[in-house]
Each structure stands twice: as C-alpha cells, then as structure tokens.
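Trainee: Contents of query.pdb (PDB, C-alpha atoms) are below:
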ATOM      1  CA  MET A 886      41.763 167.289 121.473
ATOM      2  CA  LYS A 887      45.051 168.964 120.548
ATOM      3  CA  SER A 888      46.602 165.692 119.369
ATOM      4  CA  GLY A 889      43.641 164.979 117.087
ATOM      5  CA  LEU A 890      43.826 168.453 115.590
ATOM      6  CA  PHE A 891      47.584 168.056 115.148
ATOM      7  CA  ARG A 892      47.099 164.767 113.273
ATOM      8  CA  VAL A 893      44.584 166.364 110.901
ATOM      9  CA  ALA A 894      46.872 169.354 110.281
ATOM     10  CA  ALA A 895      49.858 167.066 109.698
ATOM     11  CA  ALA A 896      47.876 164.966 107.220
ATOM     12  CA  VAL A 897      46.850 168.083 105.290
ATOM     13  CA  VAL A 898      50.426 169.391 105.180
ATOM     14  CA  LEU A 899      51.843 166.015 104.169
ATOM     15  CA  SER A 900      49.248 165.553 101.445
ATOM     16  CA  PHE A 901      50.760 168.537  99.658
ATOM     17  CA  SER A 902      54.350 167.406 100.151
ATOM     18  CA  PRO A 903      56.413 166.844  96.980
ATOM     19  CA  PHE A 904      57.714 163.599  98.484
ATOM     20  CA  GLY A 905      56.108 160.171  98.719
ATOM     21  CA  LEU A 906      53.872 159.401 101.640
ATOM     22  CA  ALA A 907      53.332 156.208 103.526
ATOM     23  CA  ALA A 908      49.957 154.837 102.598
ATOM     24  CA  VAL A 909      47.291 154.034 105.121
ATOM     25  CA  GLY A 910      45.813 150.635 104.473
ATOM     26  CA  PRO A 911      46.467 146.973 105.079
ATOM     27  CA  ALA A 912      49.771 146.033 106.638
ATOM     28  CA  LEU A 913      52.438 145.122 104.117
ATOM     29  CA  PRO A 914      53.379 142.742 102.686
ATOM     30  CA  THR A 915      50.052 141.759 101.226
ATOM     31  CA  PRO A 916      49.296 139.769  98.044
ATOM     32  CA  ALA A 917      49.064 141.931  94.933
ATOM     33  CA  PRO A 918      45.774 141.594  93.058
ATOM     34  CA  ALA A 919      45.861 139.833  89.702
ATOM     35  CA  TRP A 920      45.073 142.114  86.765
ATOM     36  CA  LYS A 921      44.539 142.075  83.014
ATOM     37  CA  LEU A 922      44.690 145.295  80.954
ATOM     38  CA  LYS A 923      45.340 146.443  77.390
ATOM     39  CA  ASP A 924      48.484 148.274  76.379
ATOM     40  CA  VAL A 925      48.352 151.325  74.091
ATOM     41  CA  GLU A 926      48.405 149.055  71.025
ATOM     42  CA  GLY A 927      45.452 146.982  72.284
ATOM     43  CA  LYS A 928      47.535 143.954  73.319
ATOM     44  CA  THR A 929      46.477 142.212  76.530
ATOM     45  CA  VAL A 930      48.981 142.412  79.377
ATOM     46  CA  THR A 931      48.484 140.465  82.615
ATOM     47  CA  SER A 932      50.163 140.380  85.992
ATOM     48  CA  ASP A 933      50.937 136.687  85.364
ATOM     49  CA  GLN A 934      53.462 137.749  82.707
ATOM     50  CA  PHE A 935      55.677 139.205  85.441
ATOM     51  CA  LYS A 936      55.794 136.252  87.853
ATOM     52  CA  GLY A 937      59.239 135.897  89.390
ATOM     53  CA  LYS A 938      60.079 139.547  88.676
ATOM     54  CA  VAL A 939      60.134 142.595  90.927
ATOM     55  CA  VAL A 940      57.473 144.943  89.579
ATOM     56  CA  VAL A 941      57.228 148.704  89.985
ATOM     57  CA  LEU A 942      53.545 149.335  89.271
ATOM     58  CA  ASP A 943      52.897 153.043  88.747
ATOM     59  CA  PHE A 944      49.407 154.583  88.490
ATOM     60  CA  TRP A 945      49.893 157.848  86.597
ATOM     61  CA  ALA A 946      48.427 160.236  84.012
ATOM     62  CA  THR A 947      49.874 162.432  81.266
ATOM     63  CA  TRP A 948      48.272 165.535  82.822
ATOM     64  CA  CYS A 949      49.800 164.905  86.280
ATOM     65  CA  PRO A 950      52.872 167.130  86.973
ATOM     66  CA  PRO A 951      54.414 164.904  89.691
ATOM     67  CA  CYS A 952      53.920 161.877  87.422
ATOM     68  CA  ARG A 953      55.766 163.633  84.620
ATOM     69  CA  THR A 954      58.725 164.393  86.898
ATOM     70  CA  GLU A 955      59.007 160.773  88.090
ATOM     71  CA  ILE A 956      58.875 159.040  84.720
ATOM     72  CA  PRO A 957      62.503 159.745  83.719
ATOM     73  CA  GLY A 958      63.534 157.983  86.935
ATOM     74  CA  TYR A 959      61.463 154.933  86.054
ATOM     75  CA  ILE A 960      63.101 154.890  82.616
ATOM     76  CA  THR A 961      66.487 154.910  84.353
ATOM     77  CA  LEU A 962      65.514 152.128  86.767
ATOM     78  CA  GLN A 963      64.202 149.974  83.893
ATOM     79  CA  LYS A 964      67.491 150.370  82.008
ATOM     80  CA  LYS A 965      69.663 149.866  85.060
ATOM     81  CA  TYR A 966      67.952 146.844  86.643
ATOM     82  CA  ALA A 967      66.061 144.969  83.914
ATOM     83  CA  ALA A 968      68.785 142.324  83.789
ATOM     84  CA  ASP A 969      68.318 141.820  87.552
ATOM     85  CA  GLY A 970      64.614 141.068  87.117
ATOM     86  CA  LEU A 971      63.025 144.514  87.536
ATOM     87  CA  VAL A 972      59.974 145.365  85.460
ATOM     88  CA  VAL A 973      58.336 148.786  85.451
ATOM     89  CA  VAL A 974      54.679 148.894  84.422
ATOM     90  CA  GLY A 975      52.894 152.206  84.038
ATOM     91  CA  ILE A 976      49.120 152.185  84.417
ATOM     92  CA  SER A 977      47.858 155.253  82.582
ATOM     93  CA  MET A 978      44.700 156.663  84.110
ATOM     94  CA  ASP A 979      44.100 158.983  81.153
ATOM     95  CA  THR A 980      40.487 158.932  79.971
ATOM     96  CA  ASP A 981      40.976 160.484  76.512
ATOM     97  CA  GLY A 982      42.002 157.236  74.831
ATOM     98  CA  THR A 983      45.395 155.901  73.844
ATOM     99  CA  GLU A 984      46.538 158.625  71.415
ATOM    100  CA  PRO A 985      47.677 161.152  74.055
ATOM    101  CA  VAL A 986      49.411 158.329  75.936
ATOM    102  CA  LYS A 987      51.179 157.085  72.785
ATOM    103  CA  LYS A 988      52.385 160.634  72.101
ATOM    104  CA  PHE A 989      53.604 160.943  75.698
ATOM    105  CA  ILE A 990      55.451 157.585  75.522
ATOM    106  CA  LYS A 991      57.248 158.711  72.377
ATOM    107  CA  GLU A 992      58.029 162.196  73.721
ATOM    108  CA  PHE A 993      59.496 160.866  76.981
ATOM    109  CA  GLY A 994      61.172 157.781  75.473
ATOM    110  CA  ILE A 995      59.395 155.416  77.844
ATOM    111  CA  ASN A 996      61.117 152.026  77.716
ATOM    112  CA  TYR A 997      58.699 150.040  79.844
ATOM    113  CA  THR A 998      55.206 148.587  79.494
ATOM    114  CA  VAL A 999      52.328 151.062  79.663
ATOM    115  CA  VAL A1000      48.773 149.822  80.003
ATOM    116  CA  MET A1001      45.479 151.676  80.127
ATOM    117  CA  GLY A1002      43.883 151.670  83.567
ATOM    118  CA  ASN A1003      40.209 151.416  84.482
ATOM    119  CA  ASP A1004      37.958 151.454  87.547
ATOM    120  CA  ASP A1005      38.504 147.729  88.154
ATOM    121  CA  ILE A1006      42.282 148.060  88.590
ATOM    122  CA  VAL A1007      41.849 151.110  90.823
ATOM    123  CA  SER A1008      39.370 149.177  92.987
ATOM    124  CA  ALA A1009      41.684 146.170  93.143
ATOM    125  CA  PHE A1010      44.596 148.280  94.428
ATOM    126  CA  SER A1011      42.556 150.742  96.483
ATOM    127  CA  PRO A1012      42.868 153.018  98.164
ATOM    128  CA  ILE A1013      44.390 155.072  95.367
ATOM    129  CA  ASP A1014      44.111 158.595  96.713
ATOM    130  CA  GLY A1015      45.887 160.416  93.911
ATOM    131  CA  TYR A1016      48.549 160.168  91.249
ATOM    132  CA  PRO A1017      51.177 159.023  91.112
ATOM    133  CA  THR A1018      50.560 156.021  93.339
ATOM    134  CA  THR A1019      53.299 153.447  93.013
ATOM    135  CA  PHE A1020      53.661 149.909  94.312
ATOM    136  CA  ILE A1021      56.718 147.707  94.558
ATOM    137  CA  ILE A1022      55.735 144.041  94.186
ATOM    138  CA  ASP A1023      58.267 141.334  95.033
ATOM    139  CA  ARG A1024      59.102 138.166  93.103
ATOM    140  CA  ASP A1025      56.486 136.242  95.107
ATOM    141  CA  GLY A1026      53.688 138.636  94.142
ATOM    142  CA  LEU A1027      53.565 140.471  97.482
ATOM    143  CA  ILE A1028      53.186 144.236  97.726
ATOM    144  CA  ARG A1029      56.232 145.413  99.672
ATOM    145  CA  SER A1030      55.809 149.157  99.294
ATOM    146  CA  LYS A1031      53.205 151.735  98.358
ATOM    147  CA  LYS A1032      53.765 155.436  97.944
ATOM    148  CA  LEU A1033      51.549 158.359  97.081
ATOM    149  CA  GLY A1034      53.203 161.276  95.342
ATOM    150  CA  ARG A1035      56.659 161.665  93.937
ATOM    151  CA  LYS A1036      59.845 160.698  95.678
ATOM    152  CA  PRO A1037      63.438 161.566  94.753
ATOM    153  CA  LEU A1038      64.904 158.878  92.486
ATOM    154  CA  ALA A1039      67.799 158.063  94.826
ATOM    155  CA  ASP A1040      65.370 157.371  97.689
ATOM    156  CA  PHE A1041      62.996 155.324  95.545
ATOM    157  CA  GLU A1042      65.901 153.370  94.060
ATOM    158  CA  LYS A1043      66.884 152.340  97.610
ATOM    159  CA  ASP A1044      63.321 151.069  98.151
ATOM    160  CA  VAL A1045      63.491 149.093  94.904
ATOM    161  CA  LEU A1046      66.876 147.601  95.785
ATOM    162  CA  GLU A1047      65.571 146.441  99.184
ATOM    163  CA  VAL A1048      63.161 144.207  97.260
ATOM    164  CA  LEU A1049      65.281 143.468  94.193
ATOM    165  CA  ARG A1050      68.395 142.592  96.196
ATOM    166  CA  PRO A1051      67.369 141.707  99.745
ATOM    167  CA  PRO A1052      70.133 142.162 102.358
ATOM    168  CA  ALA A1053      70.869 138.400 102.423
ATOM    169  CA  ALA A1054      71.547 138.502  98.657
ATOM    170  CA  ARG A1055      73.935 141.489  98.761
TER     171      ARG A1055
END
Show the structure stored in the file as structure tokens.

Mentor:
Amino acid sequence: MKSGLFRVAAAVVLSFSPFGLAAVGPALPTPAPAWKLKDVEGKTVTSDQFKGKVVVLDFWATWCPPCRTEIPGYITLQKKYAADGLVVVGISMDTDGTEPVKKFIKEFGINYTVVMGNDDIVSAFSPIDGYPTTFIIDRDGLIRSKKLGRKPLADFEKDVLEVLRPPAAR
C-alpha cells in the first residue's frame, strides 16, 4: 500500500516539475505518425518533407509559460544544427487563429517551421498530457524521445545530439 501511495505522490510532484518528464506510453523507438498541417500562412506542410532529417517536433501554445521559455533554445538549436540535418517544427495548439501565432513568431524571431495543430495530430501522437510536449524523431522516422514540460537547453541539446550524431558517427 505504501509503495502505491508513494508512486502517486511522486507522479503528482513530478508533474509540477520545471524539467522534462519521461513519458508513459509505448516503448521507444516507435514509428512517428505521418501528418499534414497548415502553416500560419496557409501553406500545407507534411511530415514527408522532413524525411532523412532529425526532427524536433514541439507541441506548444503562445499562452504556455514553459513553452515560451523553451522557444529561444529551439531557435538556437535550429541555427546551430540545421546544416547537420536538424529541423525544428513547432505545432501551435492555439485556438484563436493564426494572427496571435504570427505575432508571437515575429516577436520571438522564430526561425523554424510553425504549423497549426488540431485534434487529429494530438490523437496521432497521444498521449499529449500538456504543453510543451516535444518529440525527437530520427532520420528513419522513428520517435527516439518524448518529453513533457521544459528541460534546460544543455540537457535537451544532448538528447538531440544522441540522435543527430549517434556515438558511432562521432
């Protein structure tokens, strides 16, 4: 009985942690779902466009404080590793249309693709238990990592590099 209560208490405490959490779900790696969404200008963007790349797929919203603190790190990663085949894609879960998202992109200087999310993409990648939820997808289209919540950039960068530059390639 005590161990069960401890697990529940630990889950509650961890759910409020400012750091990323390991997700409960299927064992990784697992194939990433295919998707097709519109960017803020109405242009169709698909997962097929990123074949052969390492993709950081971030579910976020403009109103989400932890999302806002992580975005500068994603801008940095996009700049630093684009030539190595890294692509950051933000999936905005804002429901007030594209205008607030466009304003946010401009204000933060976002240098990566941002698409507008919907229930279908959330279902495809479920469980999504909050924002930000971020996936790292390898060059073969396999999900290698999933995190809920924010994580310090240096720690997340290590996770990205494990996929972008596997130990055999270093």

Trainee: Running the PyMOL selection byres ((chain A and resi 982) around 12) on this model by hand, what would come out? Give it as a PyMOL selection string.

Mentor: chain A and resi 923-927+946-947+977-981+983-988+1000-1003

Trainee: Nearest to A:Cys952 among A:Phe1010, A:Tyr1016, A:Tyr966, A:Phe993, with distances taken over all atoms listed in the file: which residue is it?

Mentor: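 Going through A:Phe1010, A:Tyr1016, A:Tyr966, A:Phe993 one by one, the smallest distance to A:Cys952 is for A:Tyr1016.
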
Trainee: By how many Å are atom CA of A:Ile1022 and atom CA of A:Tyr997 apart?

Mentor: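 Calculated distance between atom CA of A:Ile1022 and atom CA of A:Tyr997 is 15.8 Å.
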
Trainee: What is the atom CA of A:Val999-atom CA of A:Lys1031 distance in Å, reported with one decimal?

Mentor: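 Calculated distance between atom CA of A:Val999 and atom CA of A:Lys1031 is 18.7 Å.
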
Trainee: Apply the PyMOL selection byres ((chain A and resi 1012-1015) around 9) to the displayed file and report the matching residues as a PyMOL selection string.

Mentor: chain A and resi 908-910+944-945+1007-1011+1016-1018+1033-1034

Trainee: Counting only C-alpha atoms, which of A:Val972, A:Leu1049, A:Leu942, A:Ile990 gets nearest to A:Pro918?

Mentor: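 Ranked by minimum distance to A:Pro918, first place goes to A:Leu942.
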